[in-house]
Each structure stands twice: as C-alpha cells, then as structure tokens.
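Working notes for the structure below.
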Protein chains: 2
Amino acid sequence: MFYLKPKKIDITVGNRYVIVVNEKTAHHMDLHAADRIFIKNGQNHAIAIVDISNHETKDGEIGLYLDTWNKLQVIRGDKRVSIEMAQKPESVIYIREKLDGKKLDAVKMNKIIEDVVKQKLSDVELTYFVSGCYVNGLDDKETVELTKAIVKNGGKLSFKNKVVLDKHCIGGVPGNRTTLITVPICAAAGVLIPKTSSRAITSPAGTADTMEVLANVHNDAAKLTKIANKVGGFISWGGGVDLAAADDYMIKVRNPLSLDPQGMLLASILAKKHSVSANCVVIDIPYGPDVKVGSIAAAQPLKKRFEKIATMLGMKIKVVLTDGKQPIGRGVGPILECIDCLQVLNNDPNAPKDLRTKAIYIAGIALELCGKAKKGQGEKLAEEMLKSGKAAKKLQEMIDAQGRTNIPLTPGKFSYDVKATKNGTVKYINNKVISRYARMAGAPINMGAGLTMNKYIGDKVKKGDVLFTLYAESAGRLADTLESVIPDQCYKIA
Amino acid sequence: MFYLKPKKIDITVGNRYVIVVNEKTAHHMDLHAADRIFIKNGQNHAIAIVDISNHETKDGEIGLYLDTWNKLQVIRGDKRVSIEMAQKPESVIYIREKLDGKKLDAVKMNKIIEDVVKQKLSDVELTYFVSGCYVNGLDDKETVELTKAIVKNGGKLSFKNKVVLDKHCIGGVPGNRTTLITVPICAAAGVLIPKTSSRAITSPAGTADTMEVLANVHNDAAKLTKIANKVGGFISWGGGVDLAAADDYMIKVRNPLSLDPQGMLLASILAKKHSVSANCVVIDIPYGPDVKVGSIAAAQPLKKRFEKIATMLGMKIKVVLTDGKQPIGRGVGPILECIDCLQVLNNDPNAPKDLRTKAIYIAGIALELCGKAKKGQGEKLAEEMLKSGKAAKKLQEMIDAQGRTNIPLTPGKFSYDVKATKNGTVKYINNKVISRYARMAGAPINMGAGLTMNKYIGDKVKKGDVLFTLYAESAGRLADTLESVIPDQCYKIA
C-alpha cells in the first residue's frame, strides 16, 4: 500500500478509470504503464489503469482524470489517496489460453465477454483475444458459447409471439436494399419481424442509413418492443439499443487490421438475431468476385456452418446463396436506394425488377420457414402482400410508429453521366469500385449522394451510352469525385 | 476534406497526436475511434489518432490535446482546421501478413520496427504484431532481421576496439549477481566490456538496481562511450540510453499477457548486444524447476538457437547452461547482493563460494572467447584478476567514472529469522517464492530490503535452524511480509 497526493486533471476519459504518475514516482512505486491498481479514498475506491507521463504530475502526485476524481469523491486539498496493485481479471488467463490454441468452454467464454462489456479489459488484452480467435479459429461449440455470451451480456427484446423472424445479408452488393421490402411484406403477412440494422462502415449505405431517410432509427429497447407489438415489426438502428454490446468493442479492435475471424462473424450475426428473440432466421450470402464471399464454393462451407451453429442455438434457419456479381436495383446511396424500394412497394411499373424479384424470393423463403406459407407457396404470398398494397401500408405504419423524418426524396442536385468509352457487351462490373465512387460522391453522410446504375452485365452498349449517373450534394464534391472516376475501372465492355 | 473548430484540451499526451470529436460529429464526418486523420492548420500539419468522446467537444468542434495544438500552432480564436482521412502506415499490411502466417523479409521487418519507434502504430496494431510473432513464430532469418531492425532504429555505442565483449543472463535465479564481478574482471584483464543492464520488473533486483547502490546508472550514450574508452567498461542502466528502443514498446504490449515469443526474446537480447557493438557474447541460461527454462533438455534448443542467430549476426558466442535450482550467493535484494559481490571482489574469506565460482567460470569463458586467454586458461586469468585486487580496483574506477552514490551498505534495520520446522536434509528450494518474499519485504525499491540465505540444497538442518533472514526498512513492511511467509512453501526438508 502506498500513498500519493491527488491532483485533478480536468478531462473526462469517459469509459474507464485512468490515473497518471510521472516516471520517477512510477519507478519508486514499481508501477508500469497499463498496470491495474486499486485506488482508495476513505470508503470510495476504483480499479484504475496506470498511465505514465512526466507532463501532468510531480513526484509523489497522482493525476486523477475527472471520472476517477469524482468516483473517489476527492476534494481539492485532500492530502493523499492510497494505492495498491490490483489483480488482473481472470479472463486474461483465458485469453492467453485461446492464444495458446486451447479451447474455451462456456464459463471462460462468458467471463471474457462479461469483462469486455464491463470494460475491465484493456484494448491490448482484447486484441490478444481477437488474435487468438483469428489465428486458432473458433470451433462450433466455442462459436455457440461466444454467441450465448454476447447475448447474455447485452440487452434483449422479448416477445410473447411463438414465431419471431429475422433476416440478415452478409453484404457487399451495392444497392441490395431488400430489407426495406421484405420486412414490410413479412409483417403484412402477420409475422413478427423486429429488424435491427447497422449503418454503413465502409459501404455507401447501410439499411439503417436508408431507413433513416424515411423514419427515426434511434429508438431504445422499450420503444422498439412497443412498436413491434403494435405494428408487427420495425427497421431501426441496432446501435441505438444495447443489443450484442460486446460486439462493438470487438469490432473496434478488429477494424485496424480488418480482421473477420469466421467464428466471430457468425457469433456477431447470430447474437444479434438471438437478442431480439428471433427463432426463424434467413441468411443471405451473396457471392461474386467483388463481395465478401468470392465464389459459390467458398459460400457452401459458410452456409453449412451457419446452419449448424443456428441449429445448436435452437433457431430454425435457411441460408440462401445469391448472385452478387453486380449491384442490385438502380440506386446506390440512402435516398437513391429508398426511391427503388418505394417503387417496388408501390407497384410502380418502373420499379427495378431485379430488386423486386430478390425481395420476393427472400420474403417467400422467410414466410415458408416460419410456417406462414406452405412449401413452394411463400413467393406467392409475398407477391400478394406487394400487389395488394398491404406491404406498402405496413411500411408506412412502421414509419409513423418510429417517427416520420419527412426528408425529401430528391437525389443530389449535382449529377454527371458516366459514359461507355466503346461499343460492346458489359462483361463485368466491379462492385467495390461502384461503392467507392458512391462514397466519394458523399454517401451515406450526404443522403442524396451516390449513383444510379443504367447498364448491367449482359447489356449491349454503344460508345457514349450512359453507364451510371453520379449524384452529389455540392458541385465541389462532384468535381472531386470525377477526378477519380475511370469508366474502364468498373465496367468491362467487350 | 472537412473543417472543424479547434478547441484546446490542456493536457499533454506525450507520445502521439490525439484529437477528440463527439459522436454526432464523428458520424457526420464518417470518423471512427482509432482512425488516422491528416490534420492541417495553414502550413502546419500532423497525423493524429481519432478519439470519440461526448465530454470534451461540442458538435463541429475538434478537441486538440496540447501536443497537437502546439504542433499545429493553433491560436485561441482560430475558426477552423482541416481534416481528411490519412493512409494507414504500410507496416499494418505486413503485420497482417505475419498474423496470416507469412514470413517477413528484411524490408518489411524494418518498416514495422521503424513505425514502432516513430510511434506510427497504435497499441492495437502493435499487439497484432506480437500475436503474429507469438502464434506463428519467427524463423531464424526473421529473428536476424528483427534484431537488425531493432538495432538500426535505435541508438548505438561505437568503439574503435577490435574486441567488444558483452554477457547476458536469462535470469530467474535470485541473488545471481555475477555481472558486478565478471565485468570488472574482464575489464581489468584489458577487454572492453560496455555493460548495459535492466532494472527488476518482477524480480527482487536487476543488475542496474544493484549497481545503483554503488554508482549512478543514469548515463547517456556520450558519457558511456567516454567512460568505456577511459576505464574499459561500465555497468549502467540500458533504459538511460536509447538502445533497442523498439524493444521497450514491444515489451509494453507483451507484459499484459506475459508473452515471450522466442524469436522476440532472442532478438531483444542480441539487439542490445549488437547496439553496444559487442562482437563476443557470453549467454548464461540457468535451468531448473523454478526459473524460465525448466530443464537442461529445454535449454539445449534455446542454446542452439542463440548460437545460430548470433553467428548469422556475425558475433562470436558462447552459451553456457548453468544450474539454476537454488539462489546463488547469500543476499537477495540490491544492497544484500552488493555486499556479496564486494566480498568476492575484496577476497573476503567469508565471501559466498558459489557466487565466486560462477563469476570466475563466466569470466573465464568470456576471456577465452575474446582471445585474452588460451583455451582452458580463462578461469586462471579471471582468478588472477580477483586475487591481485585488479578487478576490485577496476570496479572502483567504474564507480568513480559513473558517479559514486555513497549509499551505506547496511541491510534493512528490521530483520526476522525464518527457521526450519523439522530436522532433515534440504531437498528443494523454491526460487519463485524466495523472490516473492524479498519483493514483499521491499526489494528492489527499498534497497536494503530482501533476504539472506543460510541453508542450501543438501544441507542438514535441525528444527529451529535459520533457513534465511528477512530484511525490511520498516517494521510494518516486515510484519506484512511475515503474514505471508510459510517456511514449508519454499524449503522442502526430508
């Protein structure tokens, strides 16, 4: 036990207790950067992480950030606080085990995830956990336990309904916004579908970004439960609820190296379904040269793994492998994708057929999976929901329940037609480049920015035909984007 | 390119540029925690890491810590600074490659270490590098390249001498302070031996802690070069020089999980030798049940690896495997070990024989390795240096050159004899428990604290005989230690 004089550092760290001592004090106290200490002031105490800096404190002082200062109820003029070394959380031992190639059981996995959520682990320790899962893999049992642990240590939505449906797309296909169509279709058919979605991280739009054009997507668990019970479903941002909270911490340390350990990917997706009490799940895995899963051969084992893990978790699951070789629908970007979805829902003859077909296909499978339609009759029921206008009406009910945003459905004011440089047939479209252009133009931050597709694979084109049209909300942004656009980079015409 | 209003945060981070934005601004700007941005104010710019906190900044503001504020030469009242996304350093790609099991060549290894030293990598990225090296291992070529990269990106000591000697002990044996004897012996025999040492991290004393009892060990590279050229050697703290700087950063992220990837351990040790221009190196690997290397069988491959890597680096090397089953010498703790070493150097008949024998053994091998003595004659020469008083005189020259500290060589005032609980023969002594007791008593922070050994393996003891004596600098500390001391925990008598 040692004593140091507290010095207030008028900054809030926000997510953990941090203290600062200078090098000399650290040496005398035998403290090292990132050590954990138990710090006490009278009856008030905290576990804090040691930072060493010669800038903020003198010898014998301990710098307390505002969070720690307040937690310990220090008063200016207080002469001393006591400190002693704190034990490392036991989950650090399990992380080491995983790094050493051992298997983690339910108890150990849960302890790690509990400590992640309670923010007891440093970023370095969490990174070792991700490294262990990445390099040594997670077997089926570990993946199930990881999923359960994520669910257990996060928020939940509970429903009385016997059937709760959810769907998920692995992503990577620009414009593939089926969720805004399939969710109202299924809800209109009488299935409860509480859909939480993500925002775009590296893509031009996530489902939450697109829905946000129409409705408020920041809703807490209580409000979402109420909406689902009243309307039969919603489309809201998952980050607004505390579902699968551990996942966000893990993604934070996965991002710097873009690591996607398969077991973590599965656990992350299925935990989100599990935490909204879904027991019927449709997973869409698009495959193609420029999406996450490169080929049907690569998709097959992932499909099997999803089926196995979901079954072990007690969920009914249907995994579909879909063509992801080019964008779906016309629009790429929140407002432009929204326009496509509303055209489909409103039975507009101009609606993009590929998007309509895919949305019906997914909805059909979902309706069959949860017993609303007999085998082979799902698509028919889905189409009825569309044609009758029931699905369109259901989406409006969701929008009203979530809160209408009234954003005008107008594409960015500044546009530019990107044209073919030669005659021929479109042989290939690069999804990644299409996404990049749409992001450069401002999507998803500028909701009206992005692009609309005009030519698809197999289409015959003449030199000068419009391939796609870029939209931006400022002339400068459009000009900046055009500097990088090379038609031959994303379209192969031969 | 975006613009935000700068807000000063009156804290110095000290080792990198960090900016803070709130969640809303982060969302609008598409920024994520740990992103790297390029930030510019007129002609002044920096690469900074993004932190997200709702506490310090309002919408549209960017919080600049003092380092960043000064670097950008912002003036209070400035309306805006520009920010844009910065590229990740290319070393991140190589780190990912290592994690994926690929081999790193000289260029990639050097780029990683260069970015470590330039602090371009976040702790998370550096942790992935350590994970990759730990799980996938480093082969001989990678280990050599890592060593070279650490040397290249750190400080160096250069000498005109043809022969520069260094020695290193893997550690773990309490009291094993041969360095304070072998270094003056070798220097007295006319060999240049610039010895940088570490402080204790988890042990009761490091060589630097023990030397600090006698002399100043905070010396910079210029002063050390001067001392070595004048006196023929020194014993100083490595952390005071900029040698093998990358190593300290890596150790910081290795510590939380106590990871010792073998290639990193070798590179770390040999880089420190290489950076003082050593071309003759003696490595002491103690083996035993409670030191780092558990058995002679485990020591053999490590010995071979050391020999191979050092040879590839152009060093002459001799690796010795020594008995590490019990403490060496009597004292454990800075002053108590110092007393032992001075007794040996002063030919005191009471000097601990095991310490004297081992110091002569190591010095003999070193003198033969660097050609000062013929094969088989090294120990004789070493003994001459001791007996003649030349080694003792050499140590005093080093102390004078480094700066005498004049700390009284008195053990802690408060002592307690720990006694045998039964009759028999000592069969086993637990090094780790001995070290723990010495640390609990206050070593190395309290220089006079620790313990002195009285009985060794093979000794016959009677119930009530003193096994070891604990020393502390305060009665409270002694009492605290005694609460935990259980004689049967560290001595097996049968």
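Identifiers in this document derive from the order of the structure tokens: chains are assigned A, B, ..., residues are numbered from 1 separately in each chain, and ligands are numbered from 1 in order of occurrence.
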Would you pick out the contacts of Gly175 (chain B) at 7 Å or less, using only C-alpha atoms, so that residues sharing its chain but fewer than 2 positions from it are not included, and give the list as a ChimeraX atom specification? /B:173,177,327-332,337
Select from region 361-482 of chain B everything DSSP, run on the backbone, classes as strand (DSSP E), then give the selection as an mmCIF file with C-alpha atoms, in the first residue's frame.
```cif
data_model
loop_
_atom_site.group_PDB
_atom_site.id
_atom_site.type_symbol
_atom_site.label_atom_id
_atom_site.label_comp_id
_atom_site.auth_asym_id
_atom_site.auth_seq_id
_atom_site.Cartn_x
_atom_site.Cartn_y
_atom_site.Cartn_z
ATOM 1 C CA PHE B 414 14.222 -4.699 10.698
ATOM 2 C CA SER B 415 15.010 -8.395 10.339
ATOM 3 C CA TYR B 416 13.487 -11.765 11.114
ATOM 4 C CA ASP B 417 14.997 -15.261 11.078
ATOM 5 C CA VAL B 418 12.846 -17.817 9.295
ATOM 6 C CA LYS B 419 13.528 -21.214 10.844
ATOM 7 C CA GLY B 424 16.310 -33.363 7.903
ATOM 8 C CA THR B 425 18.148 -32.501 4.706
ATOM 9 C CA VAL B 426 17.166 -29.588 2.396
ATOM 10 C CA LYS B 427 15.827 -31.275 -0.738
ATOM 11 C CA TYR B 428 14.407 -28.323 -2.640
ATOM 12 C CA ILE B 429 14.245 -24.517 -2.537
ATOM 13 C CA GLY B 450 15.312 -8.585 0.846
ATOM 14 C CA LEU B 451 16.749 -11.660 2.489
ATOM 15 C CA THR B 452 19.962 -13.589 3.093
ATOM 16 C CA MET B 453 20.119 -17.323 2.543
ATOM 17 C CA LYS B 460 21.476 -30.936 7.021
ATOM 18 C CA VAL B 461 19.198 -28.862 9.267
ATOM 19 C CA VAL B 466 17.770 -20.410 10.500
ATOM 20 C CA LEU B 467 16.886 -21.059 6.831
ATOM 21 C CA PHE B 468 17.006 -17.410 5.732
ATOM 22 C CA THR B 469 16.781 -13.960 7.294
ATOM 23 C CA LEU B 470 14.314 -11.383 6.024
ATOM 24 C CA TYR B 471 15.285 -7.682 5.989
ATOM 25 C CA ALA B 472 12.940 -4.722 5.640
#
```
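For the set B:Ile365, B:Met85, B:Leu336, B:Ile445, the residue with the smallest atom-to-atom gap to chain A is B:Ile445, counting only C-alpha atoms.
CA of Val231 (chain A) to CA of Leu192 (chain A) spans 8.6 Å [interatomic distance, one decimal].
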Tell me as a CSV table (one decimal) with C-alpha atoms, in the first residue's frame which residues belonging to chain A come within 8 Å of chain B, counting only C-alpha atoms.
```csv
chain,number,residue,atom,x,y,z
A,11,ILE,CA,-10.7,15.9,-18.5
A,12,THR,CA,-13.3,13.1,-18.7
A,13,VAL,CA,-12.0,9.9,-20.2
A,14,GLY,CA,-15.5,8.5,-20.5
A,27,HIS,CA,9.9,3.7,-10.5
A,28,HIS,CA,9.6,4.2,-6.8
A,29,MET,CA,6.2,2.6,-6.6
A,30,ASP,CA,7.2,-0.2,-9.0
A,33,ALA,CA,2.2,1.6,-17.9
A,34,ALA,CA,-1.1,-0.3,-18.2
A,53,SER,CA,3.7,10.8,-18.2
A,55,HIS,CA,3.8,16.2,-18.1
A,56,GLU,CA,0.9,16.3,-15.7
A,92,VAL,CA,-6.8,-12.5,-19.1
A,93,ILE,CA,-5.7,-16.1,-18.3
A,96,ARG,CA,-3.8,-16.4,-23.1
A,99,LEU,CA,-3.8,-17.6,-27.9
A,100,ASP,CA,-2.0,-20.8,-27.0
A,123,ASP,CA,-7.5,-2.7,-25.8
A,124,VAL,CA,-4.3,-4.7,-25.8
A,125,GLU,CA,-5.8,-7.6,-23.9
A,127,THR,CA,-6.7,-7.5,-29.2
A,128,TYR,CA,-5.0,-10.7,-28.0
A,131,SER,CA,-5.8,-12.6,-32.4
A,132,GLY,CA,-6.4,-16.0,-30.7
A,135,VAL,CA,-5.2,-17.4,-35.8
A,252,LYS,CA,-13.2,-1.6,-32.6
A,253,VAL,CA,-10.0,-3.7,-32.3
A,256,PRO,CA,-7.4,-1.6,-37.7
A,257,LEU,CA,-6.4,-4.9,-39.4
A,445,ILE,CA,-23.3,11.1,-45.0
```
Can you check which parts of region 332-437 of chain A lie within 10 Å of region 145-165 of chain A? Per residue, the shortest pair of atoms and distance in Å to one decimal, counting only C-alpha atoms, sorted by chain and number, as JSON lines.
```
{"residue": "A:Ala366", "atom": "CA", "partner": "A:Leu165", "partner_atom": "CA", "distance": 7.6}
{"residue": "A:Leu367", "atom": "CA", "partner": "A:Leu165", "partner_atom": "CA", "distance": 8.9}
{"residue": "A:Leu369", "atom": "CA", "partner": "A:Leu165", "partner_atom": "CA", "distance": 9.0}
{"residue": "A:Cys370", "atom": "CA", "partner": "A:Val163", "partner_atom": "CA", "distance": 6.7}
{"residue": "A:Gly371", "atom": "CA", "partner": "A:Val163", "partner_atom": "CA", "distance": 8.8}
{"residue": "A:Lys372", "atom": "CA", "partner": "A:Val163", "partner_atom": "CA", "distance": 9.9}
```
Take the residues that were just selected and, keeping C-alpha atoms, output them as an mmCIF file, in the first residue's frame.
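Result file is result_21.cif:
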```cif
data_model
loop_
_atom_site.group_PDB
_atom_site.id
_atom_site.type_symbol
_atom_site.label_atom_id
_atom_site.label_comp_id
_atom_site.auth_asym_id
_atom_site.auth_seq_id
_atom_site.Cartn_x
_atom_site.Cartn_y
_atom_site.Cartn_z
ATOM 1 C CA ALA A 366 -38.890 -16.422 -44.774
ATOM 2 C CA LEU A 367 -42.670 -16.953 -44.882
ATOM 3 C CA LEU A 369 -39.557 -21.015 -42.857
ATOM 4 C CA CYS A 370 -41.827 -19.609 -40.176
ATOM 5 C CA GLY A 371 -44.842 -21.588 -41.317
ATOM 6 C CA LYS A 372 -46.920 -18.716 -42.761
#
```
From the options B:Lys272, B:Lys103, B:Lys71, B:Lys118, which residue's atoms come nearest to His168 (chain B), counting only C-alpha atoms?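 Answer, going by the shortest atom-to-atom distance: B:Lys272.
For the pair CA of Gly233 (chain B) and CA of Gly448 (chain B), the separation is 26.3 Å.
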